[in-house]
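Text of the file my_file19.cif, holding mmCIF, C-alpha atoms and all ligand atoms:
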```cif
data_query
loop_
_atom_site.label_atom_id
_atom_site.label_comp_id
_atom_site.auth_asym_id
_atom_site.auth_seq_id
_atom_site.Cartn_x
_atom_site.Cartn_y
_atom_site.Cartn_z
CA MET A 1 6.10 11.15 60.39
CA LEU A 2 7.51 8.71 57.87
CA LEU A 3 5.15 6.01 58.92
CA PHE A 4 2.25 8.41 58.73
CA GLY A 5 3.33 9.50 55.24
CA LEU A 6 3.61 5.95 54.02
CA LEU A 7 0.28 5.07 55.49
CA ALA A 8 -1.38 8.09 53.94
CA VAL A 9 0.07 7.37 50.49
CA GLY A 10 -0.74 3.70 50.85
CA SER A 11 -4.35 4.22 51.81
CA ALA A 12 -4.82 6.95 49.23
CA TYR A 13 -3.54 4.55 46.58
CA ALA A 14 -5.75 1.77 47.88
CA ALA A 15 -8.71 4.13 47.80
CA PHE A 16 -8.26 5.43 44.24
CA ALA A 17 -6.04 3.42 41.96
CA PRO A 18 -7.72 0.01 41.92
CA ASP A 19 -11.06 1.70 41.50
CA ASN A 20 -9.83 3.46 38.41
CA ALA A 21 -8.39 0.28 37.02
CA VAL A 22 -11.64 -1.53 37.71
CA ALA A 23 -13.59 1.29 36.10
CA ASP A 24 -11.33 1.21 33.02
CA ASN A 25 -11.60 -2.51 32.81
CA SER A 26 -15.33 -2.59 33.11
CA ALA A 27 -15.76 0.18 30.53
CA GLN A 28 -13.61 -1.84 28.18
CA SER A 29 -15.34 -5.13 28.83
CA GLN A 30 -18.67 -3.40 28.43
CA GLN A 31 -17.56 -2.15 25.02
CA ILE A 32 -16.40 -5.64 24.07
CA GLU A 33 -19.70 -7.08 25.28
CA GLU A 34 -21.57 -4.52 23.17
CA GLY A 35 -19.40 -5.34 20.16
CA LYS A 36 -20.10 -9.00 20.63
CA LYS A 37 -23.85 -8.36 20.54
CA LEU A 38 -23.59 -6.22 17.40
CA PHE A 39 -21.43 -8.91 15.85
CA ALA A 40 -23.94 -11.67 16.59
CA VAL A 41 -26.66 -9.71 14.80
CA GLY A 42 -24.79 -8.19 11.86
CA CYS A 43 -21.75 -10.31 11.13
CA ALA A 44 -22.07 -13.81 12.57
CA SER A 45 -24.23 -15.12 9.71
CA CYS A 46 -21.16 -14.95 7.47
CA HIS A 47 -18.23 -14.93 9.90
CA GLY A 48 -19.51 -17.42 12.47
CA LEU A 49 -20.85 -16.74 15.95
CA ASN A 50 -17.35 -16.50 17.43
CA ALA A 51 -15.76 -14.96 14.32
CA GLU A 52 -14.19 -18.34 13.59
CA GLY A 53 -15.18 -18.08 9.92
CA GLY A 54 -18.48 -18.97 8.34
CA ASN A 55 -19.14 -21.96 6.20
CA ASN A 56 -22.68 -21.79 4.89
CA GLY A 57 -22.34 -24.18 2.02
CA GLU A 58 -25.08 -22.84 -0.23
CA GLY A 59 -22.65 -20.94 -2.39
CA LYS A 60 -23.33 -17.90 -0.23
CA MET A 61 -20.59 -15.56 0.88
CA ALA A 62 -18.81 -17.34 3.66
CA GLY A 63 -16.73 -14.82 5.58
CA PRO A 64 -13.16 -15.66 6.59
CA SER A 65 -12.11 -16.15 10.20
CA LEU A 66 -11.53 -12.80 11.91
CA ILE A 67 -9.36 -14.18 14.68
CA GLY A 68 -6.20 -12.10 14.69
CA VAL A 69 -7.19 -9.60 11.95
CA GLY A 70 -7.11 -6.87 14.58
CA ALA A 71 -9.11 -3.72 15.26
CA ALA A 72 -7.55 -1.99 12.22
CA ALA A 73 -9.13 -4.46 9.78
CA VAL A 74 -12.57 -4.04 11.35
CA ASP A 75 -12.26 -0.24 11.43
CA PHE A 76 -11.26 -0.24 7.75
CA GLN A 77 -13.85 -2.75 6.52
CA VAL A 78 -16.80 -1.37 8.47
CA GLY A 79 -15.63 2.26 8.31
CA THR A 80 -15.49 2.21 4.49
CA GLY A 81 -18.85 0.43 4.38
CA ARG A 82 -17.44 -2.74 2.80
CA MET A 83 -18.75 -4.71 5.77
CA PRO A 84 -21.38 -5.92 6.36
CA ALA A 85 -21.17 -7.35 2.84
CA MET A 86 -24.45 -7.27 0.99
CA GLN A 87 -24.47 -9.38 -2.12
CA PRO A 88 -21.98 -11.82 -3.60
CA ASN A 89 -19.86 -9.91 -6.11
CA ALA A 90 -16.37 -10.44 -7.45
CA GLN A 91 -15.42 -7.72 -5.02
CA ILE A 92 -17.17 -6.17 -2.07
CA PRO A 93 -17.54 -2.43 -2.82
CA GLN A 94 -17.40 0.60 -0.51
CA LYS A 95 -20.70 2.13 0.52
CA PRO A 96 -21.83 4.61 3.16
CA PRO A 97 -21.05 3.00 6.54
CA VAL A 98 -23.93 1.16 8.21
CA TYR A 99 -22.64 1.52 11.79
CA THR A 100 -21.93 4.63 13.86
CA PRO A 101 -18.32 5.37 14.89
CA ALA A 102 -19.08 4.16 18.45
CA GLU A 103 -20.51 0.90 17.14
CA ILE A 104 -17.50 0.42 14.86
CA GLU A 105 -15.24 0.94 17.87
CA ALA A 106 -17.19 -1.68 19.82
CA LEU A 107 -17.03 -4.19 16.96
CA ALA A 108 -13.30 -3.54 16.62
CA ALA A 109 -12.77 -3.95 20.37
CA TYR A 110 -14.61 -7.27 20.29
CA VAL A 111 -12.58 -8.66 17.36
CA ALA A 112 -9.34 -7.36 18.91
CA SER A 113 -10.23 -9.13 22.17
CA LEU A 114 -10.21 -12.51 20.41
CA ALA A 115 -6.53 -12.45 19.46
CA PRO A 116 -3.79 -9.84 19.00
CA GLY A 117 -3.72 -8.07 15.63
CA PRO A 118 -2.93 -4.63 14.21
CA ALA A 119 -4.57 -1.89 16.31
CA VAL A 120 -6.29 1.18 14.89
CA PRO A 121 -3.41 3.60 14.24
CA ALA A 122 -3.05 6.63 16.51
CA GLN A 123 -4.04 9.95 14.99
CA GLU A 124 -0.50 11.36 15.04
CA SER A 125 0.78 8.50 12.89
CA TYR A 126 -1.24 9.66 9.87
CA ASP A 127 -1.41 13.38 10.58
CA VAL A 128 0.07 14.93 7.43
CA SER A 129 -1.06 18.51 7.98
CA LYS A 130 2.56 19.57 8.59
CA ALA A 131 4.20 17.41 5.92
CA THR A 132 7.19 19.03 4.21
CA ASP A 133 7.77 19.04 0.44
CA GLU A 134 10.58 16.59 1.03
CA GLN A 135 8.25 14.13 2.73
CA VAL A 136 5.70 14.47 -0.07
CA THR A 137 8.38 13.78 -2.69
CA ARG A 138 9.59 10.78 -0.72
CA GLY A 139 6.00 9.55 -0.40
CA GLY A 140 5.63 9.86 -4.17
CA GLU A 141 8.67 7.66 -4.73
CA LEU A 142 7.39 5.07 -2.26
CA PHE A 143 3.98 5.17 -3.88
CA ARG A 144 5.42 4.62 -7.36
CA THR A 145 7.50 1.68 -6.09
CA ASN A 146 4.80 -0.07 -4.03
CA CYS A 147 1.36 0.93 -5.17
CA THR A 148 1.16 2.04 -8.83
CA ALA A 149 1.13 -1.51 -10.20
CA CYS A 150 -2.48 -1.71 -9.04
CA HIS A 151 -3.61 1.82 -8.22
CA ASN A 152 -2.15 3.71 -11.24
CA PHE A 153 0.41 6.53 -11.14
CA ALA A 154 -2.08 9.08 -10.00
CA GLY A 155 -3.97 6.86 -7.56
CA LYS A 156 -6.86 6.67 -10.04
CA GLY A 157 -7.25 2.93 -9.60
CA GLY A 158 -7.20 0.16 -12.16
CA ALA A 159 -8.67 -3.18 -13.18
CA LEU A 160 -7.41 -6.51 -11.87
CA PRO A 161 -8.11 -10.03 -13.21
CA ASN A 162 -11.45 -11.80 -12.55
CA GLY A 163 -13.64 -8.71 -12.40
CA ARG A 164 -11.75 -7.25 -9.48
CA TYR A 165 -10.27 -3.80 -9.32
CA ALA A 166 -8.03 -1.59 -7.25
CA PRO A 167 -10.13 1.45 -6.32
CA ALA A 168 -9.22 5.10 -6.87
CA LEU A 169 -7.53 6.54 -3.80
CA MET A 170 -8.82 10.11 -3.99
CA GLY A 171 -11.10 11.07 -1.14
CA VAL A 172 -10.13 8.14 1.10
CA SER A 173 -9.46 9.30 4.68
CA GLU A 174 -5.91 9.31 6.05
CA GLN A 175 -6.87 6.75 8.65
CA HIS A 176 -8.36 4.34 6.12
CA ILE A 177 -5.30 4.65 3.84
CA TYR A 178 -3.08 3.75 6.78
CA GLU A 179 -5.31 0.83 7.73
CA ALA A 180 -5.44 -0.47 4.15
CA MET A 181 -1.63 -0.69 4.12
CA LEU A 182 -1.63 -2.29 7.56
CA THR A 183 -4.26 -4.94 6.81
CA GLY A 184 -4.17 -5.56 3.03
CA PRO A 185 -7.88 -5.84 2.17
CA GLN A 186 -8.88 -8.51 -0.36
CA GLN A 187 -6.32 -8.62 -3.22
CA MET A 188 -4.05 -5.99 -1.71
CA PRO A 189 -0.85 -7.18 -0.01
CA VAL A 190 -0.18 -6.35 3.64
CA PHE A 191 2.50 -3.65 4.01
CA SER A 192 3.70 -4.47 7.50
CA ASP A 193 5.91 -2.05 9.42
CA GLN A 194 8.93 -4.08 8.31
CA VAL A 195 8.07 -3.48 4.65
CA LEU A 196 6.95 0.14 4.97
CA GLN A 197 7.93 1.83 8.20
CA PRO A 198 5.37 4.06 9.92
CA GLU A 199 7.05 7.20 8.51
CA ASP A 200 6.97 5.64 5.01
CA LYS A 201 3.24 5.10 5.38
CA ARG A 202 2.80 8.67 6.59
CA ASP A 203 4.76 10.07 3.63
CA ILE A 204 2.68 8.04 1.17
CA ILE A 205 -0.46 9.50 2.75
CA ALA A 206 1.05 12.99 2.50
CA TYR A 207 1.72 12.37 -1.21
CA LEU A 208 -1.83 11.14 -1.88
CA LYS A 209 -3.34 14.08 -0.01
CA THR A 210 -1.19 16.51 -2.01
CA LEU A 211 -2.23 14.82 -5.24
CA GLU A 212 -5.85 15.25 -4.24
CA THR A 213 -5.54 19.02 -4.04
CA GLN A 214 -3.69 19.42 -7.34
CA LYS A 215 -5.64 20.62 -10.32
CA ASP A 216 -4.93 19.42 -13.85
CA PRO A 217 -3.52 22.53 -15.54
CA GLY A 218 -4.72 21.64 -19.06
CA GLY A 219 -8.24 20.85 -17.96
CA PHE A 220 -7.85 17.13 -18.65
CA GLY A 221 -5.87 14.68 -16.53
CA LEU A 222 -4.93 12.47 -19.49
CA GLY A 223 -4.15 9.74 -16.97
CA ARG A 224 -1.51 12.02 -15.41
CA LEU A 225 1.14 10.24 -17.46
CA GLY A 226 2.80 13.54 -18.24
CA PRO A 227 4.61 14.19 -21.53
CA VAL A 228 3.85 10.73 -22.92
CA SER A 229 0.08 11.02 -23.02
CA GLU A 230 0.25 14.72 -23.76
CA GLY A 231 2.52 13.94 -26.71
CA LEU A 232 0.18 11.21 -27.86
CA TRP A 233 -2.73 13.63 -27.82
CA GLY A 234 -0.63 16.11 -29.73
CA TRP A 235 0.06 13.51 -32.36
CA LEU A 236 -3.46 12.20 -32.73
CA VAL A 237 -5.23 15.55 -32.69
CA GLY A 238 -2.46 17.49 -34.44
CA ILE A 239 -1.83 14.98 -37.21
CA GLY A 240 -5.56 14.37 -37.57
CA LEU A 241 -6.09 18.08 -38.14
CA LEU A 242 -3.30 18.24 -40.69
CA VAL A 243 -4.83 15.31 -42.60
CA CYS A 244 -8.21 17.05 -42.64
CA VAL A 245 -6.65 20.24 -43.93
CA ALA A 246 -4.75 18.31 -46.60
CA VAL A 247 -7.92 16.54 -47.74
CA TRP A 248 -9.81 19.85 -47.82
CA ILE A 249 -7.08 21.55 -49.86
CA GLY A 250 -6.94 18.55 -52.15
CA ALA A 251 -10.70 18.63 -52.73
CA LYS A 252 -10.66 22.38 -53.40
CA GLY A 253 -7.74 21.97 -55.75
CA VAL A 254 -9.59 19.32 -57.78
CA ARG A 255 -12.69 21.49 -58.00
CA ALA A 256 -10.60 24.48 -59.05
CA LYS A 257 -8.94 22.41 -61.78
CA GLY A 258 -12.33 21.11 -62.92
CA VAL A 259 -13.59 24.66 -63.29
CA ASP A 260 -10.46 25.55 -65.30
CA ALA A 261 -10.98 22.63 -67.68
CA GLU A 262 -14.55 23.65 -68.41
C1 LIG B 301 -22.77 -11.42 3.63
C2 LIG B 301 -21.64 -11.94 4.35
C3 LIG B 301 -20.84 -11.03 5.27
C4 LIG B 301 -21.32 -10.24 6.31
C5 LIG B 301 -22.74 -10.01 6.77
C6 LIG B 301 -20.14 -9.64 6.92
N1 LIG B 301 -19.01 -10.05 6.27
FE1 LIG B 301 -17.10 -9.51 6.72
N2 LIG B 301 -16.42 -10.51 5.08
C7 LIG B 301 -17.19 -11.30 4.23
C8 LIG B 301 -16.36 -11.83 3.17
C9 LIG B 301 -16.82 -12.74 2.04
C10 LIG B 301 -15.05 -11.34 3.41
C11 LIG B 301 -13.81 -11.60 2.60
C12 LIG B 301 -13.62 -10.53 1.57
C13 LIG B 301 -12.45 -10.85 0.67
O1 LIG B 301 -11.36 -11.07 1.18
O2 LIG B 301 -12.65 -10.85 -0.54
C14 LIG B 301 -15.12 -10.53 4.61
C15 LIG B 301 -14.03 -9.87 5.19
C16 LIG B 301 -14.06 -9.19 6.39
C17 LIG B 301 -12.93 -8.61 7.04
C18 LIG B 301 -11.50 -8.61 6.51
C19 LIG B 301 -10.75 -9.74 7.08
C20 LIG B 301 -9.27 -9.62 6.77
O3 LIG B 301 -8.65 -10.68 6.65
O4 LIG B 301 -8.74 -8.50 6.66
C21 LIG B 301 -13.35 -8.04 8.22
C22 LIG B 301 -12.53 -7.34 9.25
C23 LIG B 301 -14.78 -8.27 8.28
N3 LIG B 301 -15.19 -8.97 7.16
C24 LIG B 301 -15.60 -7.83 9.31
C25 LIG B 301 -16.98 -7.91 9.30
C26 LIG B 301 -17.82 -7.32 10.31
C27 LIG B 301 -17.32 -6.59 11.53
C28 LIG B 301 -19.10 -7.57 9.94
C29 LIG B 301 -20.39 -7.13 10.63
C30 LIG B 301 -20.55 -5.72 10.77
C31 LIG B 301 -19.07 -8.34 8.69
N4 LIG B 301 -17.76 -8.52 8.35
C32 LIG B 301 -20.18 -8.78 8.02
C33 LIG B 301 -18.55 -11.54 4.36
C34 LIG B 301 -19.39 -10.91 5.25
C1 LIG B 302 -1.68 -6.12 -5.83
C2 LIG B 302 -2.40 -4.92 -6.05
C3 LIG B 302 -2.33 -3.80 -5.00
C4 LIG B 302 -1.23 -3.13 -4.53
C5 LIG B 302 0.23 -3.37 -4.90
C6 LIG B 302 -1.72 -2.12 -3.62
N1 LIG B 302 -3.08 -2.19 -3.53
FE1 LIG B 302 -4.29 -0.98 -2.44
N2 LIG B 302 -5.90 -2.07 -3.00
C7 LIG B 302 -5.88 -3.12 -3.88
C8 LIG B 302 -7.23 -3.67 -4.00
C9 LIG B 302 -7.66 -4.84 -4.86
C10 LIG B 302 -8.04 -2.91 -3.13
C11 LIG B 302 -9.53 -3.08 -2.89
C12 LIG B 302 -9.75 -3.94 -1.69
C13 LIG B 302 -11.19 -3.98 -1.30
O1 LIG B 302 -12.06 -3.51 -2.02
O2 LIG B 302 -11.43 -4.49 -0.20
C14 LIG B 302 -7.18 -1.91 -2.54
C15 LIG B 302 -7.64 -0.95 -1.65
C16 LIG B 302 -6.87 0.09 -1.18
C17 LIG B 302 -7.37 1.18 -0.38
C18 LIG B 302 -8.81 1.40 0.05
C19 LIG B 302 -9.47 2.38 -0.87
C20 LIG B 302 -10.90 2.66 -0.55
O3 LIG B 302 -11.57 3.19 -1.42
O4 LIG B 302 -11.35 2.40 0.56
C21 LIG B 302 -6.31 2.00 -0.12
C22 LIG B 302 -6.33 3.29 0.67
C23 LIG B 302 -5.14 1.41 -0.75
N3 LIG B 302 -5.52 0.26 -1.39
C24 LIG B 302 -3.87 1.94 -0.71
C25 LIG B 302 -2.74 1.33 -1.23
C26 LIG B 302 -1.40 1.82 -1.05
C27 LIG B 302 -1.04 3.11 -0.35
C28 LIG B 302 -0.56 0.93 -1.66
C29 LIG B 302 0.96 0.95 -1.70
C30 LIG B 302 1.63 1.03 -0.44
C31 LIG B 302 -1.39 -0.13 -2.24
N4 LIG B 302 -2.70 0.14 -1.95
C32 LIG B 302 -0.92 -1.21 -2.95
C33 LIG B 302 -4.80 -3.60 -4.56
C34 LIG B 302 -3.50 -3.21 -4.37
#
```
If you convert what's in this file into structure tokens, what do you get?
Ligand code: HEC
Ligand code: HEC
Amino acid sequence: MLLFGLLAVGSAYAAFAPDNAVADNSAQSQQIEEGKKLFAVGCASCHGLNAEGGNNGEGKMAGPSLIGVGAAAVDFQVGTGRMPAMQPNAQIPQKPPVYTPAEIEALAAYVASLAPGPAVPAQESYDVSKATDEQVTRGGELFRTNCTACHNFAGKGGALPNGRYAPALMGVSEQHIYEAMLTGPQQMPVFSDQVLQPEDKRDIIAYLKTLETQKDPGGFGLGRLGPVSEGLWGWLVGIGLLVCVAVWIGAKGVRAKGVDAE
């Protein structure tokens, strides 16, 4: 009986498991192969045929080596339409993505196959649909500590030296926010999991998503600086109005006096 059982299990395993593994493997290598082809056509002119980094010395945009940047960097760069880059600018802007999600996945799989790097984050790591108020508050604190220097208090973005800028963060998908922190595009630093733990990243995303849904009660954002900018407006507009009124009264007074004298 025992022998029969072992044999049955053994042959069943032999019949199914390796096949599955082979199937998995070949699906994966097919995807990598497809990514490699897409890469050769759309990316190699700048990044080199094997993603080793381009060096076309005509002052054109040579792309950096992509060895070890990971699937997350490709998903972010191609998913936000930054790549393929179009013309040489101080900064490569977002645009509607050129590739389909399946193609982006293939490109990412190819680049990830070259060397280990940050993977595309799993959906549950940036799912903030059930974020508590506490997490949002915590995310706000982390955002003010780590991000406002470039992206402004309200995530509205800001200018950087040499014609570069940190973009506004409203309307950016949860996944791309996570990947930006993980890969540090262009001038942005990398916030590795040692610097900002996965739950820190998630709370920051929760904060940004909450900010996105908030309306400005007064009609104007005023840079979302709170009492400071509101006070400034009060001063400028309020004092300005008082000055106008004073001038008007003064002018009337003079005319009234003039009439008296005649
Ligand atoms: C016209 C040239 C050009 C083309 C085409 C191009 N890139 Fe790039 N790419 C660049 C440059 C330049 C940078 C560096 C941007 C920077 O850091 O300012 C870059 C950066 C990147 C990065 C970020 C690397 C990092 O360190 O995080 C990734 C990923 C990337 N490219 C992927 C691609 C993929 C995939 C394609 C094809 C779909 C592509 N690129 C097509 C020029 C190009
Ligand atoms: C030193 C300045 C700097 C800091 C600090 C910084 N960023 Fe950035 N960030 C940038 C720049 C510059 C870009 C634009 C990169 C590009 O265009 O490729 C950017 C891009 C992004 C994007 C992509 C936006 C888009 O439209 O696709 C996100 C999301 C983002 N940052 C989030 C953050 C978060 C969250 C933090 C804090 C944890 C942070 N950044 C800290 C400079 C900074």
Excluding Tyr165 of chain A and residues on its chain fewer than 3 positions from it, collect all residues at most 12 Å away from it, counting all atoms listed in the file, and give them as a ChimeraX atom specification. /A:89-93,149-152,156-162,168,185-188
What are the closest atom pairs, with distances in Å to one decimal, for all residues of chain A lying within 9 Å of ligand LIG 302 (chain B)? Consider only C-alpha atoms and all ligand atoms, order rows by chain and residue number, and present the result as a tab-separated table.
```
residue	atom	partner	partner_atom	distance
A:Phe76	CA	B:LIG302	O4	7.7
A:Gln77	CA	B:LIG302	O2	7.4
A:Gly79	CA	B:LIG302	O4	8.9
A:Thr80	CA	B:LIG302	O4	5.7
A:Gly81	CA	B:LIG302	O4	8.6
A:Arg82	CA	B:LIG302	O2	6.9
A:Gln91	CA	B:LIG302	O1	6.2
A:Ile92	CA	B:LIG302	O1	5.8
A:Pro93	CA	B:LIG302	O1	5.6
A:Gln94	CA	B:LIG302	O4	6.4
A:Leu142	CA	B:LIG302	C30	7.3
A:Phe143	CA	B:LIG302	C29	5.6
A:Arg144	CA	B:LIG302	C29	8.1
A:Thr145	CA	B:LIG302	C29	7.9
A:Asn146	CA	B:LIG302	C29	4.6
A:Cys147	CA	B:LIG302	C29	3.5
A:Thr148	CA	B:LIG302	C5	6.8
A:Ala149	CA	B:LIG302	C5	5.7
A:Cys150	CA	B:LIG302	C2	4.4
A:His151	CA	B:LIG302	N1	6.2
A:Gly155	CA	B:LIG302	C24	8.4
A:Gly157	CA	B:LIG302	N2	8.4
A:Gly158	CA	B:LIG302	C33	8.8
A:Ala159	CA	B:LIG302	C9	8.5
A:Leu160	CA	B:LIG302	C9	7.2
A:Arg164	CA	B:LIG302	C9	6.6
A:Tyr165	CA	B:LIG302	C9	5.3
A:Ala166	CA	B:LIG302	C8	3.9
A:Pro167	CA	B:LIG302	O3	5.4
A:Ala168	CA	B:LIG302	O3	6.2
A:Leu169	CA	B:LIG302	C19	5.4
A:Met170	CA	B:LIG302	O3	7.9
A:Gly171	CA	B:LIG302	O3	7.9
A:Val172	CA	B:LIG302	O3	5.7
A:Ser173	CA	B:LIG302	C22	7.9
A:Glu174	CA	B:LIG302	C22	8.1
A:Gln175	CA	B:LIG302	C22	8.7
A:His176	CA	B:LIG302	C22	5.9
A:Ile177	CA	B:LIG302	C22	3.6
A:Tyr178	CA	B:LIG302	C22	6.9
A:Glu179	CA	B:LIG302	C22	7.5
A:Ala180	CA	B:LIG302	C21	5.0
A:Met181	CA	B:LIG302	C26	5.8
A:Gly184	CA	B:LIG302	FE1	7.1
A:Pro185	CA	B:LIG302	O2	4.5
A:Gln186	CA	B:LIG302	O2	4.8
A:Gln187	CA	B:LIG302	C9	4.3
A:Met188	CA	B:LIG302	C33	3.8
A:Pro189	CA	B:LIG302	C1	6.0
A:Val190	CA	B:LIG302	C32	8.4
A:Phe191	CA	B:LIG302	C30	6.5
A:Leu196	CA	B:LIG302	C30	7.6
A:Asp200	CA	B:LIG302	C30	8.9
A:Lys201	CA	B:LIG302	C30	7.3
A:Ile204	CA	B:LIG302	C27	6.4
A:Ile205	CA	B:LIG302	C27	7.1
A:Leu208	CA	B:LIG302	C27	8.2
```
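Using only C-alpha atoms for every distance, the candidate list A:Pro198, A:Cys43, A:Gly238, A:Lys36 yields A:Cys43 as the residue closest to Ala62 of chain A.
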For ligand LIG 301 (chain B), return the neighbouring residues as a list of chain:residue names (distance at most 7 Å; all atoms listed in the file).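 Residues lying within 7 Å of ligand LIG 301 (chain B): A:Phe39, A:Gly42, A:Cys43, A:Ala44, A:Ser45, A:Cys46, A:His47, A:Met61, A:Ala62, A:Gly63, A:Pro64, A:Leu66, A:Val69, A:Ala73, A:Val74, A:Gln77, A:Val78, A:Met83, A:Pro84, A:Ala85, A:Met86, A:Gln87, A:Gln91, A:Ile92, A:Leu107, A:Thr183, A:Gly184, A:Pro185, A:Gln186.
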Identify the residues around (-18.5, 0.1, 22.6) within a radius of 9 Å, measuring from all atoms listed in the file in the coordinates stated by the file, and give them as an MDAnalysis selection string. chainID A and resid 27:35 102:110
Selection file, C-alpha atoms, as an mmCIF file, in the frame of the given file:
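part_38.cif written:
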```cif
data_model
loop_
_atom_site.group_PDB
_atom_site.id
_atom_site.type_symbol
_atom_site.label_atom_id
_atom_site.label_comp_id
_atom_site.auth_asym_id
_atom_site.auth_seq_id
_atom_site.Cartn_x
_atom_site.Cartn_y
_atom_site.Cartn_z
ATOM 1 C CA ALA A 27 -15.760 0.180 30.530
ATOM 2 C CA GLN A 28 -13.610 -1.840 28.180
ATOM 3 C CA SER A 29 -15.340 -5.130 28.830
ATOM 4 C CA GLN A 30 -18.670 -3.400 28.430
ATOM 5 C CA GLN A 31 -17.560 -2.150 25.020
ATOM 6 C CA ILE A 32 -16.400 -5.640 24.070
ATOM 7 C CA GLU A 33 -19.700 -7.080 25.280
ATOM 8 C CA GLU A 34 -21.570 -4.520 23.170
ATOM 9 C CA GLY A 35 -19.400 -5.340 20.160
ATOM 10 C CA ALA A 102 -19.080 4.160 18.450
ATOM 11 C CA GLU A 103 -20.510 0.900 17.140
ATOM 12 C CA ILE A 104 -17.500 0.420 14.860
ATOM 13 C CA GLU A 105 -15.240 0.940 17.870
ATOM 14 C CA ALA A 106 -17.190 -1.680 19.820
ATOM 15 C CA LEU A 107 -17.030 -4.190 16.960
ATOM 16 C CA ALA A 108 -13.300 -3.540 16.620
ATOM 17 C CA ALA A 109 -12.770 -3.950 20.370
ATOM 18 C CA TYR A 110 -14.610 -7.270 20.290
#
```
Would you mind reading off the distance between atom CA of Ser192 of chain A and atom CA of Thr213 of chain A, one decimal, in Å?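 We find that atom CA of Ser192 of chain A and atom CA of Thr213 of chain A lie 27.8 Å from each other.
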At what distance in Å, to one decimal, does atom CA of Asp75 of chain A lie from atom CA of Lys209 of chain A? 20.4 Å
Atom CA of Ala72 of chain A to atom CA of Asp127 of chain A, straight-line distance in Å: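 Going from atom CA of Asp127 of chain A over to atom CA of Ala72 of chain A covers 16.6 Å.
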Ser125 of chain A surroundings by all atoms listed in the file, 7 Å radius, close-in-sequence under 3 positions cut, as a VMD selection string: chain A and resid 121 to 122 202
Spatial neighbours of segment 133-135 of chain A, max dist 8 Å, all atoms listed in the file, sep filter under 6 positions, as a VMD selection string: chain A and resid 203 206 to 207
As JSON, what would the box around segment 126-143 of chain A look like: edges along x, y and z, 5 Å added on every side, centre and edge lengths in Å to one decimal?
```
{"center_x": 4.6, "center_y": 12.3, "center_z": 2.9, "size_x": 22.0, "size_y": 24.5, "size_z": 25.3}
```
